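work-v4.txt follows; it contains compact mmCIF, C-alpha atoms.
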```txt
# COMPACT_ATOMS: atom_id res chain seq x y z
CA MET L 19 -2.73 -41.87 51.05
CA LYS L 20 -0.52 -43.21 48.34
CA THR L 21 -3.20 -43.00 45.63
CA ARG L 22 -3.98 -39.42 46.75
CA ASN L 23 -0.32 -38.43 46.40
CA GLY L 24 -0.30 -40.01 43.00
CA SER L 25 -3.32 -38.09 41.82
CA ILE L 26 -1.89 -34.80 43.14
CA THR L 27 1.29 -35.45 41.16
CA ALA L 28 -0.76 -36.26 38.09
CA TRP L 29 -2.76 -33.03 38.47
CA ALA L 30 0.42 -31.00 38.99
CA VAL L 31 2.00 -32.46 35.85
CA LEU L 32 -1.19 -31.77 33.84
CA ALA L 33 -1.37 -28.16 35.08
CA LEU L 34 2.29 -27.65 34.16
CA VAL L 35 1.75 -28.99 30.63
CA VAL L 36 -1.33 -26.78 30.10
CA LEU L 37 0.48 -23.68 31.41
CA ALA L 38 3.52 -24.34 29.22
CA SER L 39 1.43 -24.77 26.08
CA VAL L 40 -0.58 -21.60 26.78
CA GLY L 41 2.71 -19.73 27.21
CA ALA L 42 4.12 -21.14 23.97
CA VAL L 43 1.00 -20.22 21.99
CA SER L 44 0.89 -16.66 23.28
CA ALA L 45 4.63 -16.25 22.64
CA ALA L 46 4.17 -17.49 19.07
CA GLN L 47 1.28 -15.07 18.49
CA ALA L 48 3.20 -12.15 19.91
CA GLN L 49 6.07 -13.02 17.57
CA SER L 50 4.00 -13.30 14.41
CA GLN L 51 2.32 -9.96 15.00
CA GLU L 52 4.95 -7.90 13.28
CA SER L 53 4.66 -4.18 13.33
CA ILE L 54 6.84 -1.80 11.44
CA GLU L 55 7.01 1.79 12.48
CA VAL L 56 8.51 4.39 10.20
CA GLY L 57 9.26 8.00 10.81
CA THR L 58 7.74 8.54 14.22
CA GLU L 59 9.68 10.44 16.78
CA ASP L 60 9.32 10.82 20.49
CA THR L 61 8.78 14.44 21.37
CA GLY L 62 8.79 14.07 25.13
CA ASP L 63 5.99 14.36 27.62
CA ILE L 64 3.76 17.14 26.35
CA GLY L 65 0.49 15.28 26.81
CA ILE L 66 -1.79 13.73 24.23
CA LEU L 67 -4.14 16.32 22.72
CA ALA L 68 -6.60 14.25 20.75
CA VAL L 69 -7.32 10.61 20.02
CA GLU L 70 -9.01 10.28 16.64
CA GLU L 71 -10.55 7.17 15.15
CA LEU L 72 -10.03 7.30 11.37
CA GLY L 73 -11.83 4.24 10.07
CA VAL L 74 -12.21 0.47 9.83
CA MET L 75 -10.52 -2.15 7.66
CA TYR L 76 -12.12 -5.53 6.88
CA THR L 77 -10.57 -8.55 5.20
CA ASP L 78 -12.09 -11.95 4.52
CA GLY L 79 -9.82 -14.89 3.68
CA ASP L 80 -12.53 -17.13 2.18
CA ALA L 81 -14.37 -14.50 0.15
CA ASP L 82 -11.07 -12.82 -0.88
CA THR L 83 -12.37 -9.37 -0.09
CA ALA L 84 -10.72 -6.31 1.41
CA SER L 85 -12.56 -3.13 2.26
CA VAL L 86 -11.76 0.15 3.97
CA THR L 87 -14.26 2.60 5.43
CA THR L 88 -13.01 6.01 6.56
CA TYR L 89 -14.87 8.46 8.74
CA GLY L 90 -14.34 11.45 6.43
CA PRO L 91 -12.46 14.71 6.88
CA ILE L 92 -11.23 15.46 10.40
CA THR L 93 -9.78 18.43 12.24
CA VAL L 94 -7.39 18.11 15.18
CA PRO L 95 -5.37 20.63 17.21
CA PRO L 96 -1.69 21.00 16.28
CA GLY L 97 0.67 19.09 18.58
CA TYR L 98 0.84 15.56 19.83
CA ASN L 99 -2.12 13.46 18.61
CA THR L 100 -3.00 9.79 18.39
CA PHE L 101 -4.71 8.30 15.34
CA LYS L 102 -6.39 4.91 15.41
CA ALA L 103 -8.02 2.49 12.99
CA LYS L 104 -9.72 -0.83 13.68
CA TYR L 105 -9.12 -4.00 11.68
CA TYR L 106 -11.06 -7.24 11.33
CA ASN L 107 -9.79 -10.40 9.65
CA SER L 108 -12.28 -13.22 9.21
CA ASN L 109 -12.18 -16.76 7.77
CA ASP L 110 -8.47 -17.29 8.23
CA GLU L 111 -7.05 -20.33 9.99
CA ASP L 112 -3.85 -20.24 12.03
CA ASN L 113 -0.61 -20.66 10.08
CA ASP L 114 -2.26 -21.73 6.82
CA GLY L 115 -0.11 -19.35 4.78
CA GLN L 116 -3.06 -17.08 4.22
CA GLY L 117 -3.03 -13.73 5.95
CA ALA L 118 -3.78 -10.04 5.91
CA LEU L 119 -1.86 -6.76 6.07
CA TYR L 120 -3.14 -3.51 7.53
CA ARG L 121 -1.46 -0.13 7.17
CA LEU L 122 -2.23 3.25 8.65
CA THR L 123 -0.46 6.31 7.23
CA VAL L 124 -0.96 9.79 8.67
CA TYR L 125 0.89 12.87 7.43
CA ASP L 126 2.02 15.68 9.71
CA ALA L 127 1.77 19.36 8.75
CA GLN L 128 5.26 19.28 7.20
CA GLY L 129 4.31 16.51 4.80
CA MET L 130 6.12 13.70 6.58
CA ALA L 131 4.35 10.33 6.64
CA HIS L 132 3.94 8.39 9.89
CA THR L 133 3.19 4.77 9.04
CA LYS L 134 2.42 1.61 10.94
CA GLN L 135 1.82 -1.78 9.40
CA ILE L 136 0.52 -4.98 10.98
CA LYS L 137 0.58 -8.49 9.56
CA VAL L 138 -1.81 -11.14 10.85
CA ASP L 139 -2.07 -14.81 9.97
CA TRP L 140 -5.28 -15.82 11.73
CA ALA L 141 -8.86 -14.60 12.18
CA THR L 142 -8.63 -11.68 14.58
CA SER L 143 -9.44 -8.05 15.17
CA GLY L 144 -7.64 -5.17 16.79
CA THR L 145 -6.54 -1.57 16.64
CA ILE L 146 -3.57 -0.05 14.87
CA GLU L 147 -2.39 3.38 15.96
CA VAL L 148 0.24 6.06 15.40
CA SER L 149 1.09 9.02 17.64
CA PHE L 150 3.26 11.98 16.72
CA ASP L 151 3.70 15.73 16.96
CA SER L 152 2.02 17.48 13.99
CA ARG L 153 4.88 20.03 13.78
CA GLY L 154 2.64 23.03 13.21
CA THR L 155 -0.70 23.79 11.59
CA GLY L 156 -1.72 23.00 8.05
CA ASP L 157 -3.39 20.78 5.54
CA ALA L 158 -2.60 17.07 5.70
CA TYR L 159 -3.96 13.65 4.79
CA TYR L 160 -4.49 10.15 6.10
CA GLU L 161 -4.75 6.77 4.46
CA LEU L 162 -5.93 3.30 5.49
CA TRP L 163 -4.87 0.32 3.41
CA CYS L 164 -5.45 -3.42 3.73
CA GLU L 165 -4.70 -6.56 1.78
CA THR L 166 -5.63 -10.22 2.01
CA HIS L 167 -3.15 -12.70 0.56
CA ASP L 168 -2.72 -16.39 -0.11
CA TRP L 169 0.43 -18.42 0.36
CA LEU L 170 3.55 -17.04 -1.34
CA ASP L 171 2.08 -13.60 -0.57
CA THR L 172 -0.15 -13.68 -3.66
CA THR L 173 -2.41 -10.67 -3.27
CA LYS L 174 -6.07 -11.64 -3.52
CA ALA L 175 -7.69 -8.28 -2.77
CA THR L 176 -6.67 -4.82 -1.58
CA ASP L 177 -8.41 -1.59 -0.75
CA ILE L 178 -7.40 1.92 0.14
CA GLY L 179 -9.34 4.63 1.94
CA THR L 180 -8.27 8.25 2.23
CA GLY L 181 -9.34 11.33 4.12
CA ASP L 182 -8.51 14.97 4.60
CA LEU L 183 -6.84 15.98 7.86
CA ASP L 184 -6.44 19.55 9.12
CA TYR L 185 -4.28 20.71 12.01
CA VAL L 186 -6.05 23.87 13.20
CA MET M 16 22.42 -40.70 -25.19
CA CYS M 17 24.83 -37.86 -24.63
CA SER M 18 24.16 -36.39 -28.03
CA ILE M 19 20.39 -36.51 -27.47
CA ILE M 20 20.75 -34.47 -24.30
CA LEU M 21 23.10 -32.07 -26.06
CA THR M 22 20.70 -31.56 -28.96
CA LEU M 23 17.78 -31.10 -26.60
CA GLY M 24 19.74 -28.54 -24.58
CA LEU M 25 20.68 -26.65 -27.72
CA ALA M 26 17.06 -26.63 -28.91
CA ILE M 27 15.85 -25.27 -25.55
CA LEU M 28 18.53 -22.60 -25.57
CA LEU M 29 17.65 -21.59 -29.13
CA GLY M 30 13.95 -21.50 -28.27
CA TYR M 31 14.55 -19.38 -25.20
CA GLY M 32 16.73 -16.99 -27.16
CA LEU M 33 14.13 -16.68 -29.91
CA VAL M 34 11.32 -16.04 -27.44
CA SER M 35 13.22 -13.37 -25.54
CA TYR M 36 14.30 -11.76 -28.82
CA ALA M 37 10.78 -11.81 -30.26
CA ALA M 38 9.01 -10.64 -27.10
CA GLU M 39 8.08 -7.00 -27.09
CA ASP M 40 6.14 -4.71 -24.84
CA ILE M 41 3.03 -3.26 -26.41
CA VAL M 42 0.81 -0.61 -24.92
CA VAL M 43 -2.71 -2.01 -24.52
CA ASN M 44 -4.28 1.17 -23.21
CA ALA M 45 -3.21 4.50 -21.74
CA THR M 46 -4.87 7.53 -20.19
CA THR M 47 -3.36 10.87 -19.25
CA SER M 48 -5.04 13.60 -17.28
CA GLY M 49 -3.73 16.61 -15.46
CA GLY M 50 -4.36 19.96 -13.87
CA LYS M 51 -2.90 23.21 -12.63
CA ILE M 52 -1.06 23.87 -9.39
CA LEU M 53 -0.96 27.49 -8.26
CA PHE M 54 2.01 28.17 -6.00
CA GLN M 55 1.01 31.38 -4.25
CA ASP M 56 3.35 33.92 -2.74
CA ASN M 57 3.12 32.72 0.87
CA ASP M 58 4.87 30.04 2.88
CA SER M 59 1.87 27.71 3.16
CA HIS M 60 2.38 24.03 2.49
CA GLY M 61 0.43 20.82 2.79
CA VAL M 62 -0.41 17.33 1.65
CA TYR M 63 -2.85 17.18 -1.25
CA LEU M 64 -4.67 14.29 -2.89
CA LEU M 65 -4.79 15.22 -6.58
CA GLY M 66 -6.98 12.34 -7.70
CA ARG M 67 -7.31 8.66 -8.42
CA ALA M 68 -6.18 6.39 -11.22
CA TRP M 69 -7.47 2.92 -12.15
CA ALA M 70 -6.37 0.11 -14.40
CA ASP M 71 -8.60 -2.89 -15.06
CA PHE M 72 -7.12 -6.08 -16.50
CA GLY M 73 -10.65 -7.44 -17.04
CA SER M 74 -11.62 -4.88 -19.69
CA ASN M 75 -8.11 -3.54 -20.40
CA ALA M 76 -9.43 -0.09 -19.49
CA THR M 77 -7.57 2.79 -17.82
CA PHE M 78 -9.26 5.70 -16.09
CA SER M 79 -8.27 8.65 -13.98
CA ASN M 80 -10.15 11.30 -12.12
CA VAL M 81 -8.14 14.34 -11.01
CA THR M 82 -8.83 17.74 -9.56
CA PRO M 83 -8.59 20.48 -12.25
CA SER M 84 -6.59 22.87 -10.06
CA ILE M 85 -5.15 23.17 -6.60
CA GLU M 86 -3.56 26.01 -4.61
CA THR M 87 -0.63 25.93 -2.23
CA GLY M 88 2.26 28.14 -1.16
CA THR M 89 6.00 28.01 -1.71
CA GLY M 90 6.63 25.70 1.26
CA ARG M 91 7.23 21.96 0.83
CA SER M 92 4.09 20.34 -0.52
CA VAL M 93 3.36 16.67 -1.01
CA PHE M 94 1.10 15.62 -3.88
CA LEU M 95 -0.61 12.23 -3.87
CA VAL M 96 -2.54 10.10 -6.32
CA THR M 97 -4.04 6.73 -5.40
CA CYS M 98 -3.86 3.96 -7.98
CA ASP M 99 -5.90 0.79 -8.19
CA ASN M 100 -5.89 -2.38 -10.20
CA ALA M 101 -8.87 -4.52 -9.28
CA ARG M 102 -8.10 -7.65 -11.26
CA GLY M 103 -4.95 -9.75 -11.68
CA ASN M 104 -3.53 -11.45 -14.76
CA GLU M 105 -4.83 -14.79 -15.95
CA LEU M 106 -2.11 -17.44 -16.00
CA SER M 107 -1.22 -16.96 -19.66
CA ARG M 108 -1.10 -13.15 -19.63
CA THR M 109 1.79 -10.90 -18.70
CA ARG M 110 0.27 -7.48 -18.34
CA THR M 111 1.72 -4.67 -16.26
CA ALA M 112 -0.13 -1.63 -14.96
CA VAL M 113 2.11 1.46 -14.89
CA PHE M 114 1.09 4.57 -12.94
CA THR M 115 3.04 7.83 -13.18
CA LEU M 116 2.59 11.14 -11.39
CA THR M 117 4.62 14.12 -12.59
CA VAL M 118 4.57 17.57 -11.00
CA TRP M 119 6.19 20.58 -12.73
CA ASN M 120 7.14 23.52 -10.53
CA PRO M 121 6.69 27.13 -11.80
CA ALA M 122 10.19 26.99 -13.31
CA GLY M 123 9.15 23.96 -15.39
CA VAL M 124 11.29 21.43 -13.54
CA PRO M 125 9.54 18.03 -13.35
CA HIS M 126 9.36 15.78 -10.28
CA SER M 127 8.08 12.32 -11.03
CA THR M 128 7.16 8.97 -9.45
CA THR M 129 6.32 5.76 -11.31
CA ARG M 130 5.07 2.45 -9.94
CA GLU M 131 4.45 -0.79 -11.81
CA PHE M 132 2.18 -3.67 -10.77
CA ARG M 133 1.62 -7.08 -12.34
CA GLY M 134 -1.50 -7.85 -10.33
CA ILE M 135 -4.05 -6.53 -7.92
CA CYS M 136 -2.97 -3.37 -6.14
CA SER M 137 -4.14 -0.23 -4.37
CA GLU M 138 -1.27 2.09 -3.67
CA THR M 139 -0.40 5.76 -3.44
CA LEU M 140 2.00 7.68 -5.67
CA SER M 141 3.68 10.55 -3.90
CA VAL M 142 5.73 13.46 -5.23
CA ASP M 143 7.07 16.25 -3.08
CA CYS M 144 7.96 19.63 -4.41
CA THR M 145 9.40 22.82 -2.91
CA PRO M 146 9.19 25.58 -5.51
CA PHE M 147 11.70 28.39 -5.13
CA GLU M 148 9.34 31.00 -6.51
CA PRO M 149 5.55 31.48 -6.75
CA GLY M 150 3.76 30.92 -10.03
CA GLU M 151 1.80 28.39 -11.98
CA GLY M 152 2.86 24.78 -12.14
CA ARG M 153 1.04 21.71 -13.37
CA PHE M 154 0.71 17.99 -12.86
CA GLU M 155 -0.04 14.95 -14.99
CA VAL M 156 -1.25 11.45 -14.11
CA THR M 157 -0.64 8.69 -16.64
CA THR M 158 -2.08 5.19 -16.42
CA THR M 159 -0.80 2.59 -18.88
CA ILE M 160 -1.44 -1.13 -19.35
CA ARG M 161 1.48 -2.84 -21.06
CA GLU M 162 1.63 -6.40 -22.26
CA ARG M 163 4.60 -8.55 -23.18
CA GLN M 164 3.80 -10.38 -26.41
CA LEU M 165 5.53 -12.63 -28.90
CA ASN M 166 6.01 -11.07 -32.30
CA LEU M 167 7.40 -13.91 -34.43
CA PRO M 168 6.55 -12.39 -37.85
CA ALA M 169 8.75 -9.41 -37.00
CA VAL M 170 11.69 -11.77 -36.45
CA PHE M 171 11.22 -13.91 -39.56
CA GLY M 172 10.14 -11.02 -41.75
CA ARG M 173 13.49 -9.27 -41.46
```
Represent the structure of the file as structure tokens.
Amino acid sequence: MKTRNGSITAWAVLALVVLASVGAVSAAQAQSQESIEVGTEDTGDIGILAVEELGVMYTDGDADTASVTTYGPITVPPGYNTFKAKYYNSNDEDNDGQGALYRLTVYDAQGMAHTKQIKVDWATSGTIEVSFDSRGTGDAYYELWCETHDWLDTTKATDIGTGDLDYV
Amino acid sequence: MCSIILTLGLAILLGYGLVSYAAEDIVVNATTSGGKILFQDNDSHGVYLLGRAWADFGSNATFSNVTPSIETGTGRSVFLVTCDNARGNELSRTRTAVFTLTVWNPAGVPHSTTREFRGICSETLSVDCTPFEPGEGRFEVTTTIRERQLNLPAVFGR
């Protein structure tokens, strides 16, 4: 009975340690995923009209390459839309000073830029997105940009991809 | 001992002063291209990509590729040019890539943006312009590679 109690205690302590470390790691990752949002405004609940995928951004920490592929000119209805872009960062170890930046910029019909930037410091992939009200119809533009850097933020490679966007 | 340090310090100071006095920026290469902007008599507006500009530190070349003409209205328009520099400086070089976009409205008033990079970059220059009257305006994109160099003969030759 006594040895059984002992092993239960040992298991409980082990489980606690594992749980705590998982929590710490996920907290650290959530913290280092900075995102900066500029110029977006909440226009209330009018419903999302369209969700558009604009392109893909790839960075490679070992090969020092950055590349953007956009899906070409797009047309969306005026109003509240969501724009997305995927990113992939490969060959990057955790907290080695090396990292990548991804930026999505979409203009509304009035020529105001809606930008979101993400910084990652490990091999990962994900989606970056902005949502806003187009403020009317007209000719606009979108841009995807990515960078891979070494320690001290020395840029190793960057790329930019652009596309035409019409609110009709 | 003290005098050695003092002399050394003085020599370093003199050397630094000489180098900063003799250093001058020279233009390695430059390209300018431009086009017309027709501001029509309506309230249309928009965001327009006028073209692309490149600098290359490998071959010291500058290029640009711009649209010859673009049409918009008298509303607020945003004009963009992307600029790229694919290669950085070697350790001993101090080159700077300078990209400038200037837009003149029909009244001839310029609006300009300049960005400078010492290494690899891909960025966007943006100029916004709200003309008060319709008419013909124009734009110009300039790409320049500058290098900081020592010019000792110029100092001693004076």
Which of these, M:Leu29, M:Val62, M:Cys98, M:Val93, has the shortest distance to Phe78 in chain M once you count only C-alpha atoms?
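Among M:Leu29, M:Val62, M:Cys98, M:Val93, it is M:Cys98 that comes nearest to Phe78 in chain M.
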- Message: Need the shell around Tyr160 in chain L: protein/DNA/RNA residues with any atom at most 7 Å away, counting only C-alpha atoms. Skip same-chain ones fewer than 4 positions apart. Format as a list in words?
- Response: Thr123, Val124, Tyr125, Thr180, Gly181, Asp182 and Leu183 of chain L
Across M:Gly150, M:Gly66, M:Gly134, M:Gly88, the smallest distance to Thr109 in chain M, with only C-alpha atoms counted, is shown by M:Gly134
One decimal, in Å: what's the spacing between CA of Thr100 in chain L and CA of Thr166 in chain L?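 Computing the Euclidean distance for CA of Thr100 in chain L and CA of Thr166 in chain L yields 26.0 Å.
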Quiz prompt | Exercise answer, chain L residues close to chain M, 9 Å and only C-alpha atoms, as a list in words | solution =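 Every residue meeting the condition is included here: Tyr125, Asp126, Ala127, Gln128, Gly129, Met130, Gly156, Asp157, Ala158, Tyr159, Trp163, Cys164, Glu165, Thr172, Thr173, Lys174, Ala175, Thr176, Asp177, Ile178, Thr180, Gly181 and Asp182 of chain L.
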Deliver the residues from the most recent selection as a file, using C-alpha atoms, as a short mmCIF file (atom, residue, chain, number, x, y, z; two decimals), keeping the file's coordinate frame.
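Once written, again.cif looks like this:
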```cif
data_model
loop_
_atom_site.label_atom_id
_atom_site.label_comp_id
_atom_site.auth_asym_id
_atom_site.auth_seq_id
_atom_site.Cartn_x
_atom_site.Cartn_y
_atom_site.Cartn_z
CA TYR L 125 0.89 12.87 7.43
CA ASP L 126 2.02 15.68 9.71
CA ALA L 127 1.77 19.36 8.75
CA GLN L 128 5.26 19.28 7.20
CA GLY L 129 4.31 16.51 4.80
CA MET L 130 6.12 13.70 6.58
CA GLY L 156 -1.72 23.00 8.05
CA ASP L 157 -3.39 20.78 5.54
CA ALA L 158 -2.60 17.07 5.70
CA TYR L 159 -3.96 13.65 4.79
CA TRP L 163 -4.87 0.32 3.41
CA CYS L 164 -5.45 -3.42 3.73
CA GLU L 165 -4.70 -6.56 1.78
CA THR L 172 -0.15 -13.68 -3.66
CA THR L 173 -2.41 -10.67 -3.27
CA LYS L 174 -6.07 -11.64 -3.52
CA ALA L 175 -7.69 -8.28 -2.77
CA THR L 176 -6.67 -4.82 -1.58
CA ASP L 177 -8.41 -1.59 -0.75
CA ILE L 178 -7.40 1.92 0.14
CA THR L 180 -8.27 8.25 2.23
CA GLY L 181 -9.34 11.33 4.12
CA ASP L 182 -8.51 14.97 4.60
#
```
Can you work out which one of M:Arg108, M:Leu25, M:Ser48, M:Glu151 has the shortest atom-to-atom distance to Leu165 in chain M, counting only C-alpha atoms?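 When distances to Leu165 in chain M are compared using only C-alpha atoms, the smallest one comes from M:Arg108.
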With all atoms listed in the file as the atoms that count, which of M:Thr89, M:Thr117, M:Thr111, M:Thr145 lies nearest to Ile41 in chain M?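 When distances to Ile41 in chain M are compared using all atoms listed in the file, the smallest one comes from M:Thr111.
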- Given the choices L:Arg121, L:Ala103, L:Phe150, L:Ala81, which gets closest to Gln135 in chain L if the distance is worked out from only C-alpha atoms?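 Residue with the minimum atom-to-atom distance to Gln135 in chain L: L:Arg121.
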Between M:Ile52, M:Cys144, M:Ile160, M:Ile85, smallest distance to Phe114 in chain M by only C-alpha atoms belongs to M:Ile160
- Interatomic distance (Å, one decimal) between CA of Lys51 in chain M and CA of Thr129 in chain M: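 Distance reported for this atom pair: 19.8 Å.
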Report as a VMD selection string all protein, DNA and RNA residues lying within 8 Å of Thr128 in chain M, evaluated on only C-alpha atoms, omitting residues in the same chain fewer than 5 positions from it. chain M and resid 115 to 117 140 to 142
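Atom pair CA of Thr142 in chain L / CA of Glu71 in chain L has a distance of 19.0 Å (rounded to one decimal).
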Item to complete: Could you pull out every residue with an atom within 7 Å of (-4.4, 18.7, -11.9), file coordinates, counting only C-alpha atoms, and send them as a ChimeraX atom specification?
Response: /M:49-52,65,81-85,153-155
(message) So that I can see what lies close to Thr47 in chain M, please list as a VMD selection string the residues with an atom at most 8 Å from it, counting all atoms listed in the file and leaving out residues fewer than 2 positions away in the same chain.
(response) chain M and resid 45 49 79 155 to 158
Draw an axis-aligned box over all listed atoms of range 119-135 of chain L, pad each side with 3 Å, and write its centre and edge lengths in Å, one decimal, as AutoDock Vina command-line options.
```
--center_x 1.5 --center_y 6.3 --center_z 7.9 --size_x 15.3 --size_y 32.1 --size_z 12.1
```
Residue contacts of Ala118 in chain L (12 Å, only C-alpha atoms) excluding same-chain residues fewer than 3 positions away, as an mmCIF file with C-alpha atoms, in the frame of the given file:
```
data_model
loop_
_atom_site.group_PDB
_atom_site.id
_atom_site.type_symbol
_atom_site.label_atom_id
_atom_site.label_comp_id
_atom_site.auth_asym_id
_atom_site.auth_seq_id
_atom_site.Cartn_x
_atom_site.Cartn_y
_atom_site.Cartn_z
ATOM 1 C CA SER L 50 4.000 -13.300 14.410
ATOM 2 C CA GLN L 51 2.320 -9.960 15.000
ATOM 3 C CA GLU L 52 4.950 -7.900 13.280
ATOM 4 C CA MET L 75 -10.520 -2.150 7.660
ATOM 5 C CA TYR L 76 -12.120 -5.530 6.880
ATOM 6 C CA THR L 77 -10.570 -8.550 5.200
ATOM 7 C CA ASP L 78 -12.090 -11.950 4.520
ATOM 8 C CA GLY L 79 -9.820 -14.890 3.680
ATOM 9 C CA ASP L 80 -12.530 -17.130 2.180
ATOM 10 C CA ASP L 82 -11.070 -12.820 -0.880
ATOM 11 C CA THR L 83 -12.370 -9.370 -0.090
ATOM 12 C CA ALA L 84 -10.720 -6.310 1.410
ATOM 13 C CA SER L 85 -12.560 -3.130 2.260
ATOM 14 C CA TYR L 105 -9.120 -4.000 11.680
ATOM 15 C CA TYR L 106 -11.060 -7.240 11.330
ATOM 16 C CA ASN L 107 -9.790 -10.400 9.650
ATOM 17 C CA SER L 108 -12.280 -13.220 9.210
ATOM 18 C CA ASN L 109 -12.180 -16.760 7.770
ATOM 19 C CA ASP L 110 -8.470 -17.290 8.230
ATOM 20 C CA GLU L 111 -7.050 -20.330 9.990
ATOM 21 C CA ASP L 112 -3.850 -20.240 12.030
ATOM 22 C CA ASN L 113 -0.610 -20.660 10.080
ATOM 23 C CA ASP L 114 -2.260 -21.730 6.820
ATOM 24 C CA GLY L 115 -0.110 -19.350 4.780
ATOM 25 C CA ARG L 121 -1.460 -0.130 7.170
ATOM 26 C CA GLN L 135 1.820 -1.780 9.400
ATOM 27 C CA ILE L 136 0.520 -4.980 10.980
ATOM 28 C CA LYS L 137 0.580 -8.490 9.560
ATOM 29 C CA VAL L 138 -1.810 -11.140 10.850
ATOM 30 C CA ASP L 139 -2.070 -14.810 9.970
ATOM 31 C CA TRP L 140 -5.280 -15.820 11.730
ATOM 32 C CA ALA L 141 -8.860 -14.600 12.180
ATOM 33 C CA THR L 142 -8.630 -11.680 14.580
ATOM 34 C CA SER L 143 -9.440 -8.050 15.170
ATOM 35 C CA TRP L 163 -4.870 0.320 3.410
ATOM 36 C CA CYS L 164 -5.450 -3.420 3.730
ATOM 37 C CA GLU L 165 -4.700 -6.560 1.780
ATOM 38 C CA THR L 166 -5.630 -10.220 2.010
ATOM 39 C CA HIS L 167 -3.150 -12.700 0.560
ATOM 40 C CA ASP L 168 -2.720 -16.390 -0.110
ATOM 41 C CA TRP L 169 0.430 -18.420 0.360
ATOM 42 C CA ASP L 171 2.080 -13.600 -0.570
ATOM 43 C CA THR L 172 -0.150 -13.680 -3.660
ATOM 44 C CA THR L 173 -2.410 -10.670 -3.270
ATOM 45 C CA LYS L 174 -6.070 -11.640 -3.520
ATOM 46 C CA ALA L 175 -7.690 -8.280 -2.770
ATOM 47 C CA THR L 176 -6.670 -4.820 -1.580
ATOM 48 C CA ASP L 177 -8.410 -1.590 -0.750
#
```
Polymer residues at most 12 Å from Arg161 in chain M, all atoms listed in the file, same-chain spacing of 4 or more positions, as a PDB file with C-alpha atoms, keeping the file's coordinate frame:
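Dumped to result_21.pdb:
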```pdb
ATOM      1  CA  GLU M  39       8.080  -7.000 -27.090  1.00  0.00           C
ATOM      2  CA  ASP M  40       6.140  -4.710 -24.840  1.00  0.00           C
ATOM      3  CA  ILE M  41       3.030  -3.260 -26.410  1.00  0.00           C
ATOM      4  CA  VAL M  42       0.810  -0.610 -24.920  1.00  0.00           C
ATOM      5  CA  VAL M  43      -2.710  -2.010 -24.520  1.00  0.00           C
ATOM      6  CA  ASN M  44      -4.280   1.170 -23.210  1.00  0.00           C
ATOM      7  CA  ALA M  45      -3.210   4.500 -21.740  1.00  0.00           C
ATOM      8  CA  ALA M  70      -6.370   0.110 -14.400  1.00  0.00           C
ATOM      9  CA  ASP M  71      -8.600  -2.890 -15.060  1.00  0.00           C
ATOM     10  CA  PHE M  72      -7.120  -6.080 -16.500  1.00  0.00           C
ATOM     11  CA  ASN M  75      -8.110  -3.540 -20.400  1.00  0.00           C
ATOM     12  CA  ALA M  76      -9.430  -0.090 -19.490  1.00  0.00           C
ATOM     13  CA  THR M  77      -7.570   2.790 -17.820  1.00  0.00           C
ATOM     14  CA  ASN M 104      -3.530 -11.450 -14.760  1.00  0.00           C
ATOM     15  CA  ARG M 108      -1.100 -13.150 -19.630  1.00  0.00           C
ATOM     16  CA  THR M 109       1.790 -10.900 -18.700  1.00  0.00           C
ATOM     17  CA  ARG M 110       0.270  -7.480 -18.340  1.00  0.00           C
ATOM     18  CA  THR M 111       1.720  -4.670 -16.260  1.00  0.00           C
ATOM     19  CA  ALA M 112      -0.130  -1.630 -14.960  1.00  0.00           C
ATOM     20  CA  VAL M 113       2.110   1.460 -14.890  1.00  0.00           C
ATOM     21  CA  PHE M 114       1.090   4.570 -12.940  1.00  0.00           C
ATOM     22  CA  GLU M 131       4.450  -0.790 -11.810  1.00  0.00           C
ATOM     23  CA  PHE M 132       2.180  -3.670 -10.770  1.00  0.00           C
ATOM     24  CA  ARG M 133       1.620  -7.080 -12.340  1.00  0.00           C
TER      25      ARG M 133
END
```
N, CA and C atoms for range 133-140 of chain M, written as a PDB file, in the coordinates of the input, could you do that?
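In the end it all went to rebuild10.pdb:
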```pdb
ATOM      1  N   ARG M 133       2.018  -5.985 -11.451  1.00  0.00           N
ATOM      2  CA  ARG M 133       1.620  -7.080 -12.340  1.00  0.00           C
ATOM      3  C   ARG M 133       0.321  -7.726 -11.890  1.00  0.00           C
ATOM      4  N   GLY M 134      -0.258  -7.242 -10.819  1.00  0.00           N
ATOM      5  CA  GLY M 134      -1.500  -7.850 -10.330  1.00  0.00           C
ATOM      6  C   GLY M 134      -2.337  -6.837  -9.599  1.00  0.00           C
ATOM      7  N   ILE M 135      -3.141  -7.366  -8.693  1.00  0.00           N
ATOM      8  CA  ILE M 135      -4.050  -6.530  -7.920  1.00  0.00           C
ATOM      9  C   ILE M 135      -3.251  -5.572  -7.035  1.00  0.00           C
ATOM     10  N   CYS M 136      -3.664  -4.323  -6.999  1.00  0.00           N
ATOM     11  CA  CYS M 136      -2.970  -3.370  -6.140  1.00  0.00           C
ATOM     12  C   CYS M 136      -3.891  -2.219  -5.781  1.00  0.00           C
ATOM     13  N   SER M 137      -3.642  -1.583  -4.651  1.00  0.00           N
ATOM     14  CA  SER M 137      -4.140  -0.230  -4.370  1.00  0.00           C
ATOM     15  C   SER M 137      -2.993   0.454  -3.643  1.00  0.00           C
ATOM     16  N   GLU M 138      -2.425   1.431  -4.267  1.00  0.00           N
ATOM     17  CA  GLU M 138      -1.270   2.090  -3.670  1.00  0.00           C
ATOM     18  C   GLU M 138      -1.373   3.605  -3.856  1.00  0.00           C
ATOM     19  N   THR M 139      -0.407   4.310  -3.317  1.00  0.00           N
ATOM     20  CA  THR M 139      -0.400   5.760  -3.440  1.00  0.00           C
ATOM     21  C   THR M 139       0.914   6.210  -4.069  1.00  0.00           C
ATOM     22  N   LEU M 140       0.818   7.051  -5.083  1.00  0.00           N
ATOM     23  CA  LEU M 140       2.000   7.680  -5.670  1.00  0.00           C
ATOM     24  C   LEU M 140       2.206   8.986  -4.931  1.00  0.00           C
TER      25      LEU M 140
END
```
